[in-house]
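Novice: What follows is the file target-v6.cif, containing mmCIF, C-alpha atoms:
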data_coords
loop_
_atom_site.label_atom_id
_atom_site.label_comp_id
_atom_site.auth_asym_id
_atom_site.auth_seq_id
_atom_site.Cartn_x
_atom_site.Cartn_y
_atom_site.Cartn_z
CA MET A 292 0.00 0.00 0.00
CA GLY A 293 1.42 3.39 -1.04
CA ASN A 294 1.81 6.29 1.35
CA TRP A 295 -0.49 8.86 -0.22
CA THR A 296 -1.10 12.00 1.80
CA VAL A 297 -4.38 13.89 1.82
CA GLN A 298 -2.80 16.76 -0.11
CA GLN A 299 -1.33 14.49 -2.77
CA ILE A 300 -4.77 12.98 -3.38
CA ILE A 301 -6.40 16.41 -3.52
CA ASP A 302 -3.80 17.64 -6.00
CA LYS A 303 -4.31 14.67 -8.32
CA ILE A 304 -8.12 14.95 -8.15
CA LEU A 305 -8.04 18.64 -9.07
CA LEU A 306 -5.47 18.04 -11.82
CA ASP A 307 -7.48 15.25 -13.46
CA MET A 308 -10.84 16.91 -12.94
CA CYS A 309 -10.02 20.51 -13.81
CA GLY A 310 -6.41 20.71 -14.94
CA GLY A 311 -5.52 21.93 -11.45
CA PRO A 312 -7.17 24.36 -9.01
CA LYS A 313 -9.01 27.05 -10.96
CA ILE A 314 -11.54 28.57 -8.57
CA SER A 315 -10.54 31.13 -5.95
CA PRO A 316 -11.90 31.87 -3.48
CA THR A 317 -13.51 28.46 -3.05
CA CYS A 318 -15.33 26.42 -0.44
CA ASP A 319 -13.25 23.40 -1.49
CA ILE A 320 -11.18 23.33 1.68
CA ILE A 321 -9.99 20.89 4.34
CA SER A 322 -12.58 21.49 7.05
CA ILE A 323 -10.79 19.40 9.69
CA GLY A 324 -7.62 17.36 9.84
CA SER A 325 -4.25 17.72 8.15
CA PRO A 326 -3.10 17.75 4.51
CA ASP A 327 -0.11 15.66 5.66
CA THR A 328 -2.22 12.76 6.95
CA ILE A 329 -1.30 9.40 5.41
CA VAL A 330 -4.52 8.04 3.95
CA THR A 331 -5.70 4.57 4.95
CA GLY A 332 -8.92 4.78 2.95
CA VAL A 333 -11.27 7.24 1.28
CA ALA A 334 -15.02 7.65 1.69
CA THR A 335 -17.07 9.79 -0.71
CA THR A 336 -20.42 11.23 0.34
CA PHE A 337 -22.84 14.07 -0.23
CA MET A 338 -22.38 15.33 3.34
CA ALA A 339 -20.21 14.25 6.26
CA THR A 340 -23.07 13.69 8.68
CA PHE A 341 -22.27 12.03 11.97
CA ASP A 342 -23.63 8.70 10.73
CA VAL A 343 -21.44 8.93 7.61
CA ILE A 344 -18.39 9.72 9.76
CA LYS A 345 -19.09 6.77 12.07
CA GLU A 346 -19.42 4.43 9.10
CA ALA A 347 -16.16 5.70 7.60
CA VAL A 348 -14.41 5.07 10.92
CA ARG A 349 -15.95 1.59 11.12
CA GLN A 350 -14.57 0.86 7.65
CA GLY A 351 -11.12 2.16 8.59
CA LYS A 352 -11.26 5.12 6.21
CA ASN A 353 -9.62 8.27 7.55
CA PHE A 354 -10.22 10.64 4.61
CA ILE A 355 -13.76 11.76 3.74
CA ILE A 356 -14.45 13.65 0.50
CA THR A 357 -17.76 15.44 0.95
CA HIS A 358 -19.73 17.57 -1.48
CA GLU A 359 -21.40 19.76 1.12
CA PRO A 360 -20.19 21.48 4.32
CA THR A 361 -19.17 19.80 7.54
CA TRP A 362 -19.87 22.79 9.80
CA PHE A 363 -23.40 23.80 8.81
CA ASN A 364 -22.58 26.85 6.64
CA GLY A 365 -21.47 27.39 3.08
CA MET A 366 -17.81 28.23 3.70
CA ASP A 367 -17.31 25.89 6.70
CA GLN A 368 -16.56 28.83 8.97
CA THR A 369 -16.30 27.91 12.65
CA ASP A 370 -15.86 31.28 14.37
CA TRP A 371 -19.59 31.34 15.10
CA CYS A 372 -19.67 27.90 16.78
CA GLU A 373 -16.43 27.60 18.73
CA ASN A 374 -18.39 27.07 21.96
CA ASP A 375 -21.34 25.26 20.40
CA SER A 376 -22.03 21.86 21.99
CA ILE A 377 -22.95 20.12 18.70
CA TYR A 378 -19.86 21.42 16.93
CA LEU A 379 -17.56 20.47 19.81
CA ALA A 380 -18.92 16.92 20.06
CA LYS A 381 -18.59 16.29 16.31
CA LYS A 382 -15.10 17.86 16.22
CA LYS A 383 -13.93 15.72 19.16
CA TYR A 384 -15.11 12.51 17.50
CA LEU A 385 -13.30 13.42 14.26
CA GLU A 386 -10.10 14.33 16.09
CA ASP A 387 -10.21 11.25 18.34
CA ASN A 388 -10.48 9.04 15.25
CA GLY A 389 -7.95 10.91 13.12
CA VAL A 390 -10.39 11.76 10.31
CA THR A 391 -9.64 14.45 7.73
CA ILE A 392 -12.48 15.93 5.69
CA TRP A 393 -12.09 17.77 2.37
CA ARG A 394 -14.93 19.41 0.51
CA LEU A 395 -15.19 18.89 -3.27
CA HIS A 396 -17.96 21.21 -4.41
CA ASP A 397 -17.00 24.06 -6.73
CA HIS A 398 -14.50 22.14 -8.82
CA MET A 399 -16.81 19.15 -9.11
CA HIS A 400 -19.54 21.32 -10.63
CA MET A 401 -17.03 22.98 -12.97
CA GLY A 402 -14.95 20.08 -14.26
CA SER A 403 -13.10 20.57 -17.54
CA GLU A 404 -15.34 18.09 -19.37
CA THR A 405 -18.54 17.93 -17.33
CA ASP A 406 -20.41 18.73 -14.14
CA TYR A 407 -19.66 15.52 -12.25
CA ILE A 408 -22.74 15.78 -10.04
CA TYR A 409 -24.94 15.66 -13.15
CA LYS A 410 -22.83 12.86 -14.60
CA GLY A 411 -23.44 10.67 -11.57
CA LEU A 412 -27.15 11.50 -11.46
CA ILE A 413 -27.69 10.73 -15.13
CA GLU A 414 -25.80 7.44 -14.83
CA GLU A 415 -28.07 6.49 -11.92
CA LEU A 416 -31.17 7.38 -13.95
CA GLY A 417 -29.90 5.79 -17.16
CA TRP A 418 -30.77 8.97 -19.06
CA ARG A 419 -27.48 9.57 -20.86
CA ASN A 420 -29.00 8.97 -24.31
CA TYR A 421 -31.87 11.36 -23.57
CA LEU A 422 -29.67 14.41 -22.99
CA GLN A 423 -30.27 17.09 -25.61
CA LYS A 424 -26.79 17.70 -26.99
CA ASP A 425 -27.53 21.18 -28.34
CA GLU A 426 -27.97 22.54 -24.82
CA PRO A 427 -25.06 24.37 -23.15
CA GLN A 428 -25.83 22.80 -19.76
CA PRO A 429 -26.85 19.18 -18.90
CA TRP A 430 -30.36 20.32 -18.01
CA ILE A 431 -32.69 19.19 -20.81
CA TYR A 432 -33.82 15.61 -21.56
CA GLU A 433 -36.31 14.09 -23.96
CA ILE A 434 -37.50 10.79 -22.53
CA PRO A 435 -39.96 8.16 -23.78
CA HIS A 436 -43.55 9.24 -23.17
CA THR A 437 -44.67 8.62 -19.61
CA THR A 438 -46.82 10.23 -16.92
CA LEU A 439 -45.87 12.25 -13.89
CA ARG A 440 -47.23 9.49 -11.65
CA ALA A 441 -45.17 6.79 -13.36
CA LEU A 442 -42.04 8.92 -13.28
CA ALA A 443 -42.53 9.70 -9.58
CA ASP A 444 -42.91 5.99 -8.83
CA GLU A 445 -39.72 5.24 -10.78
CA PHE A 446 -37.81 7.99 -9.00
CA LYS A 447 -38.93 6.75 -5.58
CA LYS A 448 -37.39 3.37 -6.34
CA ILE A 449 -34.16 4.73 -7.82
CA PHE A 450 -33.59 7.34 -5.10
CA HIS A 451 -34.93 5.26 -2.19
CA MET A 452 -37.55 7.85 -1.26
CA ASP A 453 -40.77 7.19 0.64
CA THR A 454 -42.53 10.23 -0.76
CA ILE A 455 -42.03 12.79 -3.54
CA GLN A 456 -43.59 16.23 -3.81
CA ILE A 457 -45.16 17.11 -7.15
CA ILE A 458 -47.01 19.96 -8.80
CA GLY A 459 -49.38 19.15 -11.66
CA SER A 460 -51.75 16.33 -12.48
CA PRO A 461 -50.32 12.89 -11.66
CA ASP A 462 -51.72 11.75 -15.02
CA MET A 463 -50.15 14.53 -17.11
CA GLU A 464 -48.07 13.41 -20.08
CA VAL A 465 -44.32 13.89 -19.74
CA LYS A 466 -41.73 13.86 -22.50
CA ARG A 467 -39.49 16.93 -22.24
CA VAL A 468 -37.88 17.15 -18.80
CA GLY A 469 -35.53 19.66 -17.21
CA ILE A 470 -33.31 18.81 -14.25
CA LEU A 471 -31.86 21.46 -11.93
CA VAL A 472 -29.97 19.72 -9.14
CA GLY A 473 -29.38 21.05 -5.64
CA GLY A 474 -29.46 24.81 -5.42
CA GLY A 475 -29.52 25.08 -9.23
CA SER A 476 -33.31 25.20 -9.09
CA LEU A 477 -32.99 28.44 -7.11
CA GLY A 478 -31.63 30.00 -10.30
CA LEU A 479 -27.84 30.08 -9.75
CA GLY A 480 -28.03 33.75 -8.83
CA VAL A 481 -30.78 34.52 -11.36
CA GLU A 482 -34.07 33.99 -9.57
CA VAL A 483 -36.15 33.79 -12.77
CA MET A 484 -33.83 31.34 -14.56
CA PRO A 485 -35.87 28.15 -13.88
CA MET A 486 -38.99 29.72 -15.41
CA GLN A 487 -37.00 30.96 -18.40
CA VAL A 488 -35.66 27.44 -18.96
CA MET A 489 -39.20 25.98 -18.79
CA GLU A 490 -40.45 28.37 -21.47
CA ARG A 491 -37.34 28.44 -23.68
CA ASP A 492 -37.06 24.66 -23.89
CA ARG A 493 -40.79 23.88 -24.02
CA LEU A 494 -40.57 21.62 -20.98
CA ASP A 495 -43.41 19.53 -19.60
CA LEU A 496 -41.73 18.86 -16.27
CA MET A 497 -38.99 20.34 -14.12
CA VAL A 498 -37.16 18.05 -11.68
CA VAL A 499 -35.73 20.20 -8.89
CA GLY A 500 -33.52 20.00 -5.84
CA ASP A 501 -34.20 23.02 -3.66
CA ILE A 502 -37.25 25.21 -4.18
CA THR A 503 -38.37 28.72 -3.36
CA GLU A 504 -42.14 28.60 -3.15
CA TRP A 505 -42.66 31.96 -4.86
CA THR A 506 -40.55 31.18 -7.98
CA ILE A 507 -40.69 27.93 -10.01
CA CYS A 508 -43.15 26.42 -7.54
CA ALA A 509 -45.66 29.28 -7.95
CA TYR A 510 -45.03 29.51 -11.69
CA LEU A 511 -45.90 25.86 -12.26
CA ASN A 512 -48.83 25.93 -9.86
CA ASP A 513 -50.31 28.78 -11.90
CA ALA A 514 -49.60 26.87 -15.11
CA TYR A 515 -51.34 23.77 -13.75
CA GLN A 516 -54.31 25.78 -12.49
CA MET A 517 -54.72 27.40 -15.94
CA GLY A 518 -54.72 24.04 -17.71
CA PHE A 519 -51.18 23.92 -19.08
CA ASN A 520 -49.50 20.51 -19.33
CA LYS A 521 -46.79 21.56 -16.89
CA GLY A 522 -45.50 20.08 -13.65
CA MET A 523 -42.70 19.77 -11.12
CA LEU A 524 -41.12 16.90 -9.21
CA THR A 525 -39.05 17.70 -6.12
CA LEU A 526 -36.15 15.46 -5.09
CA GLY A 527 -34.56 17.83 -2.57
CA HIS A 528 -30.95 18.94 -2.47
CA GLU A 529 -29.47 15.75 -1.03
CA ARG A 530 -31.23 13.20 -3.24
CA SER A 531 -30.58 15.20 -6.41
CA GLU A 532 -26.81 15.44 -5.75
CA GLU A 533 -25.84 12.35 -3.69
CA PHE A 534 -25.36 10.15 -6.73
CA GLY A 535 -22.70 12.42 -8.13
CA MET A 536 -20.67 11.43 -5.09
CA LYS A 537 -21.54 7.79 -5.70
CA TYR A 538 -20.06 8.21 -9.17
CA MET A 539 -16.91 9.62 -7.55
CA GLU A 540 -16.21 6.21 -6.00
CA LYS A 541 -15.87 4.77 -9.52
CA TRP A 542 -13.93 7.80 -10.77
CA LEU A 543 -11.42 7.61 -7.91
CA LYS A 544 -10.92 3.85 -8.26
CA GLU A 545 -9.80 4.43 -11.85
CA ARG A 546 -6.99 6.63 -10.50
CA PHE A 547 -6.02 5.21 -7.10
CA THR A 548 -5.33 1.57 -6.28
CA ASP A 549 -3.17 1.88 -3.14
CA PHE A 550 -6.01 2.28 -0.64
CA PRO A 551 -9.69 1.27 -0.36
CA ILE A 552 -12.37 3.67 -1.62
CA ALA A 553 -16.08 3.48 -0.83
CA PHE A 554 -19.21 5.57 -1.27
CA ILE A 555 -21.27 6.16 1.88
CA ASP A 556 -24.83 7.35 1.35
CA ALA A 557 -25.72 10.31 3.57
CA LYS A 558 -29.38 9.47 2.97
CA GLU A 559 -32.31 11.85 2.77
CA PRO A 560 -32.23 14.14 5.83
CA PHE A 561 -35.93 13.91 6.66
CA ARG A 562 -38.21 11.36 8.23
CA TYR A 563 -41.92 11.40 7.40
CA LEU A 564 -44.71 10.85 9.91
#
Please go through the file and, once you have read it, give me the structure as structure tokens.
Specialist:
Amino acid sequence: MGNWTVQQIIDKILLDMCGGPKISPTCDIISIGSPDTIVTGVATTFMATFDVIKEAVRQGKNFIITHEPTWFNGMDQTDWCENDSIYLAKKKYLEDNGVTIWRLHDHMHMGSETDYIYKGLIEELGWRNYLQKDEPQPWIYEIPHTTLRALADEFKKIFHMDTIQIIGSPDMEVKRVGILVGGGSLGLGVEVMPMQVMERDRLDLMVVGDITEWTICAYLNDAYQMGFNKGMLTLGHERSEEFGMKYMEKWLKERFTDFPIAFIDAKEPFRYL
């Protein structure tokens, strides 16, 4: 087994994914641990929740690559929580078990060849051949005719979800589908973008991660109430992006053979009563 350090692994990932670091400032930082740690194993996940961390420790993996923050805010700042009981307990467990966590967010969405979160999601769905190649972003898909109800049932199985929120008639016909993962459905800084995509690309259905109830949600509710064949299916941030990190297990195994690599599912954050 080779003696790869955390920093050596980070450097190779960024080189192969993006040609090297290209985003600054970035949230892609080591949130705890040391770049000089010798890696015994790598776990990939959407978010380093406590259950994910415990499972990584159980598996003997001391380097977690997470897509989302460890410390409950976008830039993993800890000045606000230095005396917080939840932060201190989680930090102690990580330190006691010698775990280093690195966030791979910005560069994963802006890879030289693709957005790797979308790549993993589309592999999980089996929709690669449905992607409309003339689109600048991997957002638009033309799938075999189905209904919103049938698609929701299929998604519940694929994404291991007990329930899915929809807007529109369950029996509406669906062929042209847009997908905006995670916070992308909030518009990526342009609040009206999801509605513009719906109209521009003549979409029947938008699959979303996060929602703001007065934007795409209200737009499609109005469309449905006025008789348009329009709808929305909500996966949530975690379910829409987790499978990009599942894909990273495969991607990393093609590049590293000196230590074990495993995907750990952070799972949907909610329980339903």
Novice: Please identify all polymer residues within 7 Å of Asn353 of chain A, counting all atoms listed in the file, omitting same-chain residues fewer than 4 positions from it, and present them as a PyMOL selection string.
Specialist: chain A and resi 330-333+348+389-391
Novice: Do you know which residues are at most 12 Å from Gln299 of chain A counting all atoms listed in the file, after dropping those on the same chain fewer than 6 positions away, and could you put them as a ChimeraX atom specification?
Specialist: /A:293,305-306,325-330,547
Novice: So which one's closest to Ile434 of chain A, A:Thr405, A:Asn420, A:Ser315, A:Asn512? Using all atoms listed in the file, please.
Specialist: A:Asn420
Novice: When the PyMOL selection byres ((chain A and resi 446) around 12) is applied to the file above, which residues end up in the set, as a list in words?
Specialist: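 What the PyMOL selection byres ((chain A and resi 446) around 12) grabs from the file is Leu412, Glu415, Leu416, Gly417, Leu439, Arg440, Ala441, Leu442, Ala443, Asp444, Glu445, Lys447, Lys448, Ile449, Phe450, His451, Met452, Asp453, Thr454, Ile455, Gln456, Ile457, Val498, Leu524, Thr525, Leu526, Arg530 and Ser531 of chain A.
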Novice: Measuring between all atoms listed in the file, which one of A:Ile502, A:Ile555, A:Leu564, A:Ile321 shows the shortest distance to Ala339 of chain A?
Specialist: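 Closest residue, counting all atoms listed in the file: A:Ile555.
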Novice: For atom CA of Gly500 of chain A and atom CA of Pro435 of chain A, quote the distance in Å rounded to one decimal.
Specialist: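 According to the coordinates, atom CA of Gly500 of chain A and atom CA of Pro435 of chain A are separated by 22.4 Å.
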Novice: Padding 6 Å on each side, edges along x, y and z: where is the centre of the box around the listed atoms of segment 395-408 of chain A, and how long are its edges in Å to one decimal? Output it as AutoDock Vina command-line options.
Specialist:
--center_x -17.9 --center_y 19.8 --center_z -11.3 --size_x 21.6 --size_y 20.5 --size_z 28.1
Novice: Written as a list in words, which residues does the PyMOL selection byres ((chain A and resi 533) around 9) give for the file shown?
Specialist: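 For this structure, the PyMOL selection byres ((chain A and resi 533) around 9) resolves to Thr336, Phe337, Met338, His358, Ile408, Gly411, Leu412, His528, Glu529, Arg530, Ser531, Glu532, Phe534, Gly535, Met536, Lys537, Tyr538, Asp556, Ala557 and Lys558 of chain A.
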Novice: What's the separation between atom CA of Glu464 of chain A and atom CA of Gly522 of chain A, in Å to one decimal place?
Specialist: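 These two atoms are separated by 9.6 Å.
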Novice: What do you get, as a PDB file with C-alpha atoms, in the frame of the given file, if you spell out every residue that the PyMOL selection byres ((chain A and resi 386) around 12) selects here?
Specialist:
ATOM      1  CA  SER A 322     -12.580  21.490   7.050  1.00  0.00           C
ATOM      2  CA  ILE A 323     -10.790  19.400   9.690  1.00  0.00           C
ATOM      3  CA  GLY A 324      -7.620  17.360   9.840  1.00  0.00           C
ATOM      4  CA  SER A 325      -4.250  17.720   8.150  1.00  0.00           C
ATOM      5  CA  ILE A 344     -18.390   9.720   9.760  1.00  0.00           C
ATOM      6  CA  VAL A 348     -14.410   5.070  10.920  1.00  0.00           C
ATOM      7  CA  ASN A 353      -9.620   8.270   7.550  1.00  0.00           C
ATOM      8  CA  LEU A 379     -17.560  20.470  19.810  1.00  0.00           C
ATOM      9  CA  ALA A 380     -18.920  16.920  20.060  1.00  0.00           C
ATOM     10  CA  LYS A 381     -18.590  16.290  16.310  1.00  0.00           C
ATOM     11  CA  LYS A 382     -15.100  17.860  16.220  1.00  0.00           C
ATOM     12  CA  LYS A 383     -13.930  15.720  19.160  1.00  0.00           C
ATOM     13  CA  TYR A 384     -15.110  12.510  17.500  1.00  0.00           C
ATOM     14  CA  LEU A 385     -13.300  13.420  14.260  1.00  0.00           C
ATOM     15  CA  ASP A 387     -10.210  11.250  18.340  1.00  0.00           C
ATOM     16  CA  ASN A 388     -10.480   9.040  15.250  1.00  0.00           C
ATOM     17  CA  GLY A 389      -7.950  10.910  13.120  1.00  0.00           C
ATOM     18  CA  VAL A 390     -10.390  11.760  10.310  1.00  0.00           C
ATOM     19  CA  THR A 391      -9.640  14.450   7.730  1.00  0.00           C
ATOM     20  CA  ILE A 392     -12.480  15.930   5.690  1.00  0.00           C
TER      21      ILE A 392
END
Novice: Using Å and a single decimal, report how far atom CA of Val468 of chain A sits from atom CA of Thr438 of chain A.
Specialist: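 Distance reported for this atom pair: 11.5 Å.
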Novice: Counting all atoms listed in the file, what is within 12 Å of Glu490 of chain A, bar same-chain residues fewer than 4 positions away, as a list in words?
Specialist: Arg467, Val468, Gly469, Val483, Met484, Pro485, Met486, Leu494, Asp495, Leu496, Met497, Ile507, Tyr510, Leu511, Ala514, Phe519 and Lys521 of chain A
